[in-house]
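S.K.: As input, take coords-v1.txt (compact mmCIF, C-alpha atoms):
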# COMPACT_ATOMS: atom_id res chain seq x y z
CA MET Q 1 60.43 -176.96 187.35
CA ILE Q 2 58.86 -180.14 188.61
CA TRP Q 3 56.35 -180.02 185.74
CA CYS Q 4 59.04 -179.64 183.11
CA PHE Q 5 59.66 -183.38 183.08
CA LEU Q 6 56.02 -183.94 182.07
CA LEU Q 7 56.23 -181.29 179.38
CA ARG Q 8 59.07 -182.88 177.37
CA ARG Q 9 56.82 -184.26 174.64
CA LYS Q 10 54.74 -181.09 174.51
CA LEU Q 11 57.87 -178.97 174.03
CA TYR Q 12 58.77 -181.03 170.98
CA ASP Q 13 55.22 -180.74 169.59
CA TYR Q 14 55.37 -177.01 170.28
CA ALA Q 15 58.62 -176.62 168.35
CA ASP Q 16 57.25 -178.83 165.56
CA ARG Q 17 54.09 -176.67 165.47
CA THR Q 18 51.81 -179.68 165.76
CA LEU Q 19 50.24 -178.67 169.08
CA PRO Q 20 46.56 -177.58 169.16
CA VAL Q 21 46.07 -173.85 169.78
CA PRO Q 22 44.90 -173.96 173.45
CA GLU Q 23 47.78 -176.24 174.47
CA ARG Q 24 50.19 -174.17 172.46
CA ALA Q 25 49.14 -171.11 174.43
CA ARG Q 26 49.65 -172.92 177.73
CA VAL Q 27 53.12 -174.17 176.71
CA PHE Q 28 54.00 -170.68 175.49
CA GLU Q 29 52.97 -169.28 178.86
CA HIS Q 30 55.16 -171.86 180.61
CA ILE Q 31 58.27 -171.29 178.52
CA GLN Q 32 58.01 -167.56 179.16
CA ARG Q 33 58.54 -168.28 182.83
CA CYS Q 34 60.87 -171.31 182.64
CA ALA Q 35 64.40 -170.73 181.37
CA HIS Q 36 65.13 -174.46 181.18
CA CYS Q 37 62.18 -175.25 178.90
CA SER Q 38 62.77 -172.13 176.88
CA ALA Q 39 66.34 -173.27 176.15
CA THR Q 40 65.11 -176.76 175.28
CA VAL Q 41 62.59 -175.39 172.77
CA ARG Q 42 65.30 -173.19 171.24
CA ARG Q 43 67.60 -176.19 170.83
CA ILE Q 44 64.87 -178.33 169.30
CA GLU Q 45 63.96 -175.56 166.86
CA SER Q 46 67.62 -175.17 165.88
CA VAL Q 47 68.03 -178.91 165.29
CA LEU Q 48 64.87 -179.05 163.16
CA LYS Q 49 65.89 -175.95 161.22
CA VAL Q 50 69.38 -177.26 160.48
CA ALA Q 51 68.03 -180.68 159.57
CA GLY Q 52 65.56 -179.13 157.15
CA THR Q 53 68.07 -176.97 155.31
CA GLN Q 54 69.83 -179.82 153.58
CA LYS Q 55 70.13 -179.29 149.83
CA VAL Q 56 70.11 -182.28 147.54
CA PRO Q 57 72.15 -181.88 144.34
CA GLN Q 58 70.27 -182.60 141.14
CA PRO Q 59 72.46 -184.86 139.01
CA GLN Q 60 72.76 -184.20 135.28
CA LYS Q 61 71.63 -186.50 132.48
CA GLU Q 62 75.14 -187.89 132.08
CA PHE Q 63 75.13 -189.04 135.70
CA TRP Q 64 71.95 -191.02 135.09
CA ASN Q 65 73.30 -192.53 131.88
CA ARG Q 66 76.36 -193.75 133.74
CA PHE Q 67 74.16 -194.89 136.59
CA GLU Q 68 71.97 -197.00 134.28
CA SER Q 69 74.87 -198.68 132.53
CA ALA Q 70 76.62 -199.35 135.85
CA LEU Q 71 73.42 -200.83 137.25
CA ASP Q 72 72.99 -203.07 134.20
CA ALA Q 73 76.59 -204.22 134.51
CA GLN Q 74 76.12 -204.95 138.21
CA ILE Q 75 72.96 -206.93 137.60
CA ASP Q 76 74.74 -208.98 134.94
CA ALA Q 77 77.93 -209.39 136.98
CA ARG Q 78 76.10 -210.59 140.03
CA SER Q 79 74.17 -212.96 137.78
CA VAL Q 80 70.95 -211.93 139.41
CA PRO Q 81 68.48 -214.66 138.57
CA ASP Q 82 65.59 -213.74 136.33
CA VAL Q 83 62.67 -212.17 138.02
CA LYS Q 84 60.92 -214.65 140.27
CA PRO Q 85 57.40 -215.59 139.22
CA ALA Q 86 54.68 -213.24 140.39
CA ALA Q 87 53.41 -213.79 143.91
CA SER Q 88 49.95 -214.75 142.70
CA PHE Q 89 51.37 -217.52 140.51
CA ARG Q 90 53.54 -218.78 143.33
CA TYR Q 91 50.50 -218.86 145.64
CA ARG Q 92 48.62 -220.81 143.00
CA VAL Q 93 51.51 -223.30 142.85
CA SER Q 94 51.66 -223.52 146.62
CA PHE Q 95 47.95 -224.41 146.71
CA ALA Q 96 48.16 -226.78 143.75
CA LEU Q 97 50.95 -228.93 145.23
CA PRO Q 98 49.12 -229.96 148.44
CA ALA Q 99 45.94 -230.51 146.41
CA PHE Q 100 47.82 -232.79 144.01
CA ALA Q 101 49.39 -234.64 146.95
CA ALA Q 102 45.96 -235.08 148.56
CA ILE Q 103 44.51 -236.50 145.32
CA CYS Q 104 47.44 -238.93 145.06
CA ILE Q 105 46.89 -240.09 148.65
CA VAL Q 106 43.16 -240.64 147.99
CA LEU Q 107 43.90 -242.61 144.80
CA ILE Q 108 46.52 -244.77 146.50
CA SER Q 109 44.20 -245.43 149.46
CA ALA Q 110 41.36 -246.38 147.11
CA HIS Q 111 43.67 -248.71 145.23
CA VAL Q 112 44.88 -250.39 148.41
CA TYR Q 113 41.30 -250.69 149.68
CA GLN Q 114 40.18 -252.21 146.40
CA ARG Q 115 42.99 -254.73 146.54
CA GLN Q 116 41.94 -255.69 150.07
CA TYR Q 117 38.31 -256.01 148.99
CA VAL Q 118 39.22 -258.21 146.05
CA SER Q 119 41.28 -260.44 148.27
CA ALA Q 120 38.30 -260.70 150.61
CA GLN Q 121 36.23 -261.91 147.68
CA ARG Q 122 38.76 -264.61 146.93
CA VAL Q 123 37.54 -267.03 149.64
CA SER Q 124 38.28 -270.71 149.91
CA PRO Q 125 35.55 -273.30 149.00
CA ALA Q 126 35.12 -274.19 152.67
CA GLU Q 127 34.52 -270.55 153.50
CA GLN Q 128 32.11 -270.25 150.58
CA ARG Q 129 30.13 -273.16 151.96
CA LEU Q 130 30.08 -271.56 155.38
CA VAL Q 131 28.78 -268.31 153.92
CA LYS Q 132 26.09 -270.13 152.00
CA GLU Q 133 24.99 -272.03 155.11
CA THR Q 134 24.88 -268.84 157.09
CA LEU Q 135 22.79 -267.11 154.46
CA ASP Q 136 20.39 -270.06 154.25
CA TYR Q 137 20.00 -270.09 157.99
CA GLU Q 138 19.26 -266.40 158.05
CA PHE Q 139 16.69 -266.82 155.29
CA GLU Q 140 14.95 -269.63 157.12
CA THR Q 141 14.91 -267.70 160.36
CA ALA Q 142 13.40 -264.76 158.59
CA GLN Q 143 10.70 -266.94 157.11
CA THR Q 144 9.92 -268.55 160.45
CA SER Q 145 9.66 -265.24 162.22
CA SER Q 146 7.25 -263.95 159.61
CA ALA Q 147 5.15 -267.12 160.00
CA ASP Q 148 5.06 -266.54 163.75
CA GLU Q 149 4.00 -262.98 163.18
CA ASP Q 150 1.18 -264.19 160.92
CA SER Q 151 -0.11 -266.64 163.56
CA LEU Q 152 0.06 -263.91 166.18
CA GLN Q 153 -1.98 -261.62 163.98
CA TYR Q 154 -4.46 -264.46 163.49
CA ASP Q 155 -4.81 -264.82 167.31
CA ILE Q 156 -5.36 -261.10 167.74
CA ASP Q 157 -8.06 -261.08 165.08
CA LEU Q 158 -9.75 -264.04 166.74
CA LEU Q 159 -9.77 -262.34 170.15
CA ASP Q 160 -11.19 -259.18 168.62
CA GLU Q 161 -13.96 -261.18 167.04
CA LEU Q 162 -14.75 -262.95 170.32
CA GLU Q 163 -14.85 -259.66 172.17
CA SER Q 164 -17.15 -258.09 169.65
CA ASN Q 165 -19.46 -261.11 169.85
CA SER Q 166 -19.61 -261.01 173.62
CA VAL Q 167 -20.40 -257.29 173.60
CA SER Q 168 -23.22 -257.73 171.14
CA MET L 1 45.66 -192.71 137.47
CA SER L 2 47.36 -193.21 134.09
CA ALA L 3 50.76 -193.13 135.81
CA GLN L 4 49.55 -195.83 138.16
CA VAL L 5 48.26 -197.94 135.26
CA ASN L 6 51.56 -197.42 133.47
CA GLU L 7 53.45 -198.43 136.62
CA ARG L 8 51.36 -201.62 137.01
CA ASP L 9 51.89 -202.39 133.36
CA LEU L 10 55.64 -201.94 133.83
CA ILE L 11 55.65 -204.25 136.84
CA ASP L 12 53.69 -206.87 134.91
CA ARG L 13 56.23 -206.66 132.10
CA ILE L 14 59.12 -207.00 134.58
CA HIS L 15 57.39 -210.09 136.00
CA GLY L 16 57.46 -211.41 132.46
CA GLY L 17 61.25 -210.93 132.39
CA ASP L 18 61.32 -207.71 130.32
CA ARG L 19 64.62 -205.93 131.14
CA LEU L 20 63.61 -202.84 129.15
CA ALA L 21 60.61 -202.40 131.41
CA PHE L 22 62.97 -202.52 134.38
CA THR L 23 65.15 -199.83 132.81
CA GLU L 24 62.05 -197.70 132.35
CA LEU L 25 61.12 -198.21 136.01
CA VAL L 26 64.66 -197.20 137.01
CA ARG L 27 64.29 -193.99 134.97
CA GLN L 28 61.01 -193.21 136.72
CA TYR L 29 62.17 -193.88 140.25
CA ALA L 30 65.90 -193.11 140.25
CA PRO L 31 65.59 -189.35 140.95
CA LYS L 32 63.22 -189.96 143.89
CA GLY L 33 65.45 -192.75 145.16
CA PHE L 34 68.56 -190.63 144.82
CA THR L 35 66.98 -187.85 146.91
CA ILE L 36 66.15 -190.26 149.72
CA CYS L 37 69.61 -191.84 149.61
CA TYR L 38 71.28 -188.44 149.66
CA ARG L 39 69.15 -187.37 152.62
CA PHE L 40 70.54 -190.36 154.49
CA VAL L 41 74.17 -190.56 153.40
CA GLU L 42 74.90 -186.90 152.52
CA ASN L 43 77.31 -187.81 149.75
CA THR L 44 76.69 -188.17 146.02
CA GLU L 45 78.96 -191.19 145.48
CA ASP L 46 77.60 -193.12 148.45
CA ALA L 47 74.05 -192.18 147.48
CA LYS L 48 74.67 -193.56 144.00
CA ASP L 49 76.09 -196.84 145.36
CA VAL L 50 73.24 -197.27 147.83
CA LEU L 51 70.68 -196.53 145.13
CA GLN L 52 72.24 -199.12 142.82
CA GLU L 53 72.10 -201.68 145.60
CA ALA L 54 68.46 -200.78 146.22
CA PHE L 55 67.56 -201.24 142.54
CA ILE L 56 69.29 -204.63 142.46
CA LYS L 57 67.11 -205.62 145.43
CA VAL L 58 64.05 -204.32 143.59
CA TYR L 59 64.96 -206.41 140.54
CA LYS L 60 65.56 -209.53 142.59
CA HIS L 61 62.47 -209.26 144.76
CA ILE L 62 59.88 -207.63 142.54
CA GLY L 63 58.16 -211.03 142.38
CA SER L 64 57.25 -210.64 146.04
CA PHE L 65 55.70 -207.21 145.50
CA ARG L 66 51.95 -207.42 146.03
CA LYS L 67 50.09 -205.07 143.82
CA GLU L 68 47.53 -204.17 146.50
CA SER L 69 49.99 -201.71 148.05
CA SER L 70 51.63 -198.75 146.35
CA PHE L 71 54.87 -199.47 144.53
CA SER L 72 56.41 -196.20 145.70
CA THR L 73 55.91 -197.16 149.38
CA TRP L 74 57.49 -200.56 148.71
CA PHE L 75 60.35 -198.86 146.87
CA TYR L 76 60.83 -196.31 149.69
CA ARG L 77 61.05 -199.17 152.18
CA ILE L 78 63.74 -200.94 150.17
CA VAL L 79 65.76 -197.73 149.74
CA VAL L 80 65.51 -196.86 153.45
CA ASN L 81 66.53 -200.37 154.49
CA THR L 82 69.49 -200.26 152.08
CA CYS L 83 70.55 -196.92 153.58
CA ASN L 84 70.41 -198.45 157.06
CA ASP L 85 72.50 -201.40 155.83
CA PHE L 86 75.02 -198.86 154.56
CA PHE L 87 75.22 -197.24 158.00
CA ARG L 88 75.67 -200.61 159.68
CA ARG L 89 78.50 -201.51 157.31
CA LYS L 90 80.08 -198.12 157.89
CA LYS L 91 79.90 -198.54 161.67
CA ARG L 92 81.52 -201.98 161.40
CA VAL L 93 84.36 -200.55 159.34
CA GLN L 94 84.82 -197.68 161.81
CA ALA L 95 84.78 -200.13 164.72
CA GLU L 96 87.77 -202.01 163.29
CA PRO L 97 90.89 -201.27 165.34
CA LEU L 98 93.24 -198.62 164.00
CA SER L 99 96.85 -198.03 164.88
CA VAL L 100 97.21 -195.70 167.89
CA SER L 101 98.49 -192.73 165.90
CA ALA L 102 95.84 -193.11 163.20
CA ALA L 103 93.11 -193.38 165.83
CA ASP L 104 94.37 -190.25 167.59
CA GLU L 105 94.56 -188.37 164.33
CA SER L 106 91.03 -189.27 163.26
CA PHE L 107 89.72 -188.44 166.75
CA GLU L 108 91.29 -185.01 166.59
CA ARG L 109 89.92 -184.44 163.13
CA GLU L 110 86.36 -185.62 163.75
CA VAL L 111 85.49 -184.51 167.26
CA PRO L 112 85.47 -180.75 167.63
CA ASP L 113 86.45 -179.14 170.88
CA THR L 114 83.06 -178.42 172.41
CA ALA L 115 84.36 -175.76 174.79
CA VAL L 116 85.65 -173.72 171.87
CA LEU L 117 82.58 -174.38 169.74
CA ALA L 118 80.23 -173.36 172.49
CA ASP L 119 81.90 -169.97 172.61
CA ALA L 120 82.29 -169.44 168.91
CA ARG L 121 78.95 -169.89 167.24
CA LEU L 122 79.14 -172.48 164.51
CA GLU L 123 78.33 -171.61 160.97
CA GLU L 124 75.27 -173.36 159.61
CA ASN L 125 77.30 -175.69 157.39
CA GLU L 126 79.51 -176.77 160.25
CA LEU L 127 76.51 -177.20 162.46
CA ARG L 128 74.91 -179.37 159.81
CA GLU L 129 78.02 -181.53 159.62
CA VAL L 130 78.00 -182.04 163.36
CA LEU L 131 74.29 -182.77 163.28
CA ASN L 132 74.82 -185.33 160.50
CA LYS L 133 77.34 -187.19 162.62
CA HIS L 134 74.88 -187.31 165.50
CA ILE L 135 72.06 -188.41 163.18
CA GLU L 136 74.28 -191.25 161.92
CA ALA L 137 74.84 -192.36 165.49
CA LEU L 138 71.11 -192.65 166.21
CA PRO L 139 69.49 -196.10 166.34
CA ASP L 140 68.19 -197.21 162.92
CA LYS L 141 64.51 -196.62 163.55
CA GLN L 142 64.94 -193.20 165.13
CA ARG L 143 67.30 -192.12 162.35
CA THR L 144 64.93 -193.36 159.64
CA ALA L 145 61.88 -191.67 161.17
CA PHE L 146 63.77 -188.41 161.75
CA ILE L 147 65.17 -188.21 158.22
CA LEU L 148 61.89 -189.12 156.56
CA ARG L 149 60.08 -186.47 158.63
CA TYR L 150 62.49 -183.54 158.62
CA ARG L 151 64.49 -184.05 155.47
CA GLN L 152 62.12 -185.88 153.18
CA GLY L 153 59.06 -184.10 154.58
CA LEU L 154 56.85 -187.18 154.88
CA SER L 155 53.81 -187.17 157.13
CA GLY L 156 53.45 -189.42 160.16
CA LYS L 157 51.12 -191.72 158.20
CA GLU L 158 53.54 -192.04 155.28
CA ILE L 159 56.43 -192.75 157.66
CA SER L 160 54.37 -195.43 159.39
CA GLN L 161 53.70 -197.07 155.99
CA VAL L 162 57.37 -197.05 155.05
CA MET L 163 58.48 -198.30 158.46
CA ARG L 164 55.61 -200.76 158.81
CA CYS L 165 54.49 -199.52 162.19
CA ASN L 166 51.54 -197.50 163.42
CA VAL L 167 51.48 -193.71 163.33
CA ALA L 168 51.88 -193.33 167.10
CA THR L 169 55.00 -195.52 167.09
CA ALA L 170 56.49 -193.49 164.22
CA LYS L 171 55.86 -190.29 166.19
CA VAL L 172 57.56 -191.78 169.24
CA TYR L 173 60.64 -192.62 167.13
CA ILE L 174 60.75 -189.04 165.85
CA PHE L 175 60.33 -187.59 169.32
CA ARG L 176 63.10 -189.78 170.74
CA ALA L 177 65.42 -188.82 167.89
CA VAL L 178 64.75 -185.11 168.42
CA ARG L 179 65.21 -185.45 172.18
CA ALA L 180 68.54 -187.23 171.70
CA LEU L 181 69.73 -184.72 169.11
CA GLN L 182 68.81 -181.64 171.11
CA LYS L 183 70.75 -183.08 174.05
CA THR L 184 73.85 -183.95 172.05
CA MET L 185 73.72 -180.67 170.14
CA ALA L 186 73.27 -178.62 173.31
CA SER L 187 76.94 -177.71 173.44
CA TYR L 188 76.95 -176.48 169.85
CA ILE L 189 73.78 -174.40 169.94
CA ARG L 190 73.63 -171.22 171.94
Re-express the file's structure as structure tokens.

M.R.:
Amino acid sequence: MIWCFLLRRKLYDYADRTLPVPERARVFEHIQRCAHCSATVRRIESVLKVAGTQKVPQPQKEFWNRFESALDAQIDARSVPDVKPAASFRYRVSFALPAFAAICIVLISAHVYQRQYVSAQRVSPAEQRLVKETLDYEFETAQTSSADEDSLQYDIDLLDELESNSVS
Amino acid sequence: MSAQVNERDLIDRIHGGDRLAFTELVRQYAPKGFTICYRFVENTEDAKDVLQEAFIKVYKHIGSFRKESSFSTWFYRIVVNTCNDFFRRKKRVQAEPLSVSAADESFEREVPDTAVLADARLEENELREVLNKHIEALPDKQRTAFILRYRQGLSGKEISQVMRCNVATAKVYIFRAVRALQKTMASYIR
């Protein structure tokens, strides 16, 4: 009796005839000895049998004609909106909208940036002079540094020559 | 294969707003749908109403049907859900308070005396009626799984597809339904 609790599911599978053969034999052996499980299996089998005996009437053509016209009338009366666009189209739309929004944002940002850049170009004469002076200074510095590099190279060459003379 | 192609073609035409294509789909699926509805509600008039409701849902939501899955599974799901809605509505109506005499009368009419019934073996039709009442009282998922398995004859895999759960879960629902029914029917079955 203590094992009966564990057998509940197996009793159902047994009655439903979905139990593998070896297990079926074991359950059969058990229900031969256990009145409680035997009664449970009998009840389950009865429930399944009664549930499976339901007969469905087959309506005649007239029934379906009336059904169709009633359905049409109901669809019209409830003013069911026309069929929604296919899912694939809706997905395309749902992807297209964010893409369009992103393009708009990029264009607006570019426009704003361009406006800022143009305003940066519109400098006052004093600022223009300052820029020119700065550029000239940089140019001169660059020239000087290259001259220094040339003189350094000259010194290195001279030392090399001296060394080679002393060795010889 | 050709039926499937035809079905896809019909669905495409319905997407395009073709009402005739919808009527054709109704003609194809109404008998199947009626059988399922009848298995649930056990009454021709109610089955017809539930089926109409289900087809209206199909018409309204066919845009959300993805063609990767089978249309019949999608249709089954809508019909089953509509049947469950019907039961919920029915329970709400039954739960509304009645006058004392009316309540007593309906109680006497609907609930058989179990002591008497246990002695006198019920005829199969009566037994089926009692069973139907107990099936109605089951939770939605257990009722759906039980009816699809033992009345509609679907396999565990098909039930899992209709109920959108895995096969093991569907089997658990069926087992629980059977366990509950065999307990409640114990007094009627000798």

S.K.: As a tab-separated table (two decimals) with C-alpha atoms, in the coordinates of the input, could you give me every residue of chain L near chain Q (at most 8 Å apart, counting only C-alpha atoms)?

M.R.:
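iface33.tsv, freshly written:
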chain	number	residue	atom	x	y	z
L	14	ILE	CA	59.12	-207.00	134.58
L	15	HIS	CA	57.39	-210.09	136.00
L	16	GLY	CA	57.46	-211.41	132.46
L	17	GLY	CA	61.25	-210.93	132.39
L	23	THR	CA	65.15	-199.83	132.81
L	26	VAL	CA	64.66	-197.20	137.01
L	35	THR	CA	66.98	-187.85	146.91
L	38	TYR	CA	71.28	-188.44	149.66
L	39	ARG	CA	69.15	-187.37	152.62
L	44	THR	CA	76.69	-188.17	146.02
L	48	LYS	CA	74.67	-193.56	144.00
L	52	GLN	CA	72.24	-199.12	142.82
L	55	PHE	CA	67.56	-201.24	142.54
L	56	ILE	CA	69.29	-204.63	142.46
L	59	TYR	CA	64.96	-206.41	140.54
L	60	LYS	CA	65.56	-209.53	142.59
L	61	HIS	CA	62.47	-209.26	144.76
L	62	ILE	CA	59.88	-207.63	142.54
L	63	GLY	CA	58.16	-211.03	142.38
L	64	SER	CA	57.25	-210.64	146.04
L	65	PHE	CA	55.70	-207.21	145.50
L	66	ARG	CA	51.95	-207.42	146.03
L	124	GLU	CA	75.27	-173.36	159.61
L	127	LEU	CA	76.51	-177.20	162.46
L	128	ARG	CA	74.91	-179.37	159.81
L	131	LEU	CA	74.29	-182.77	163.28
L	150	TYR	CA	62.49	-183.54	158.62
L	151	ARG	CA	64.49	-184.05	155.47
L	175	PHE	CA	60.33	-187.59	169.32
L	178	VAL	CA	64.75	-185.11	168.42
L	179	ARG	CA	65.21	-185.45	172.18
L	181	LEU	CA	69.73	-184.72	169.11
L	182	GLN	CA	68.81	-181.64	171.11
L	185	MET	CA	73.72	-180.67	170.14
L	186	ALA	CA	73.27	-178.62	173.31
L	189	ILE	CA	73.78	-174.40	169.94
L	190	ARG	CA	73.63	-171.22	171.94

S.K.: Between atom CA of Q:Val112 and atom CA of Q:Ser94, what is the spacing in Å?

M.R.: 27.8 Å

S.K.: One decimal, Å: what's the distance from atom CA of L:Ala21 over to atom CA of L:Val50, could you say?

M.R.: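 Separation between atom CA of L:Ala21 and atom CA of L:Val50: 21.3 Å.
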
S.K.: Atoms are missing here; could stretch 77-96 of chain L be completed with N, CA and C atoms and written as a compact mmCIF listing (two decimals), in the frame of the given file?

M.R.:
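Written file, selection_19.txt:
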# COMPACT_ATOMS: atom_id res chain seq x y z
N ARG L 77 60.63 -198.27 151.10
CA ARG L 77 61.05 -199.17 152.18
C ARG L 77 62.38 -199.83 151.83
N ILE L 78 62.50 -200.27 150.58
CA ILE L 78 63.74 -200.94 150.17
C ILE L 78 64.90 -199.95 150.22
N VAL L 79 64.67 -198.73 149.75
CA VAL L 79 65.76 -197.73 149.74
C VAL L 79 66.19 -197.41 151.18
N VAL L 80 65.20 -197.20 152.05
CA VAL L 80 65.51 -196.86 153.45
C VAL L 80 66.28 -198.00 154.12
N ASN L 81 65.83 -199.23 153.88
CA ASN L 81 66.53 -200.37 154.49
C ASN L 81 67.96 -200.48 153.95
N THR L 82 68.14 -200.20 152.67
CA THR L 82 69.49 -200.26 152.08
C THR L 82 70.38 -199.17 152.70
N CYS L 83 69.79 -198.00 152.93
CA CYS L 83 70.55 -196.92 153.58
C CYS L 83 70.98 -197.35 154.98
N ASN L 84 70.06 -197.99 155.71
CA ASN L 84 70.41 -198.45 157.06
C ASN L 84 71.49 -199.53 157.02
N ASP L 85 71.43 -200.39 156.00
CA ASP L 85 72.50 -201.40 155.83
C ASP L 85 73.84 -200.70 155.63
N PHE L 86 73.79 -199.64 154.83
CA PHE L 86 75.02 -198.86 154.56
C PHE L 86 75.61 -198.33 155.87
N PHE L 87 74.74 -197.77 156.72
CA PHE L 87 75.22 -197.24 158.00
C PHE L 87 75.82 -198.33 158.87
N ARG L 88 75.17 -199.50 158.86
CA ARG L 88 75.67 -200.61 159.68
C ARG L 88 77.06 -201.04 159.20
N ARG L 89 77.20 -201.13 157.87
CA ARG L 89 78.50 -201.51 157.31
C ARG L 89 79.55 -200.48 157.70
N LYS L 90 79.15 -199.21 157.60
CA LYS L 90 80.08 -198.12 157.89
C LYS L 90 80.53 -198.18 159.36
N LYS L 91 79.57 -198.46 160.24
CA LYS L 91 79.90 -198.54 161.67
C LYS L 91 80.86 -199.69 161.93
N ARG L 92 80.62 -200.82 161.22
CA ARG L 92 81.52 -201.98 161.40
C ARG L 92 82.93 -201.62 160.98
N VAL L 93 83.04 -200.93 159.84
CA VAL L 93 84.36 -200.55 159.34
C VAL L 93 85.03 -199.60 160.33
N GLN L 94 84.26 -198.64 160.85
CA GLN L 94 84.82 -197.68 161.81
C GLN L 94 85.22 -198.35 163.11
N ALA L 95 84.50 -199.44 163.45
CA ALA L 95 84.78 -200.13 164.72
C ALA L 95 86.05 -200.97 164.65
N GLU L 96 86.55 -201.21 163.42
CA GLU L 96 87.77 -202.01 163.29
C GLU L 96 88.94 -201.25 163.91
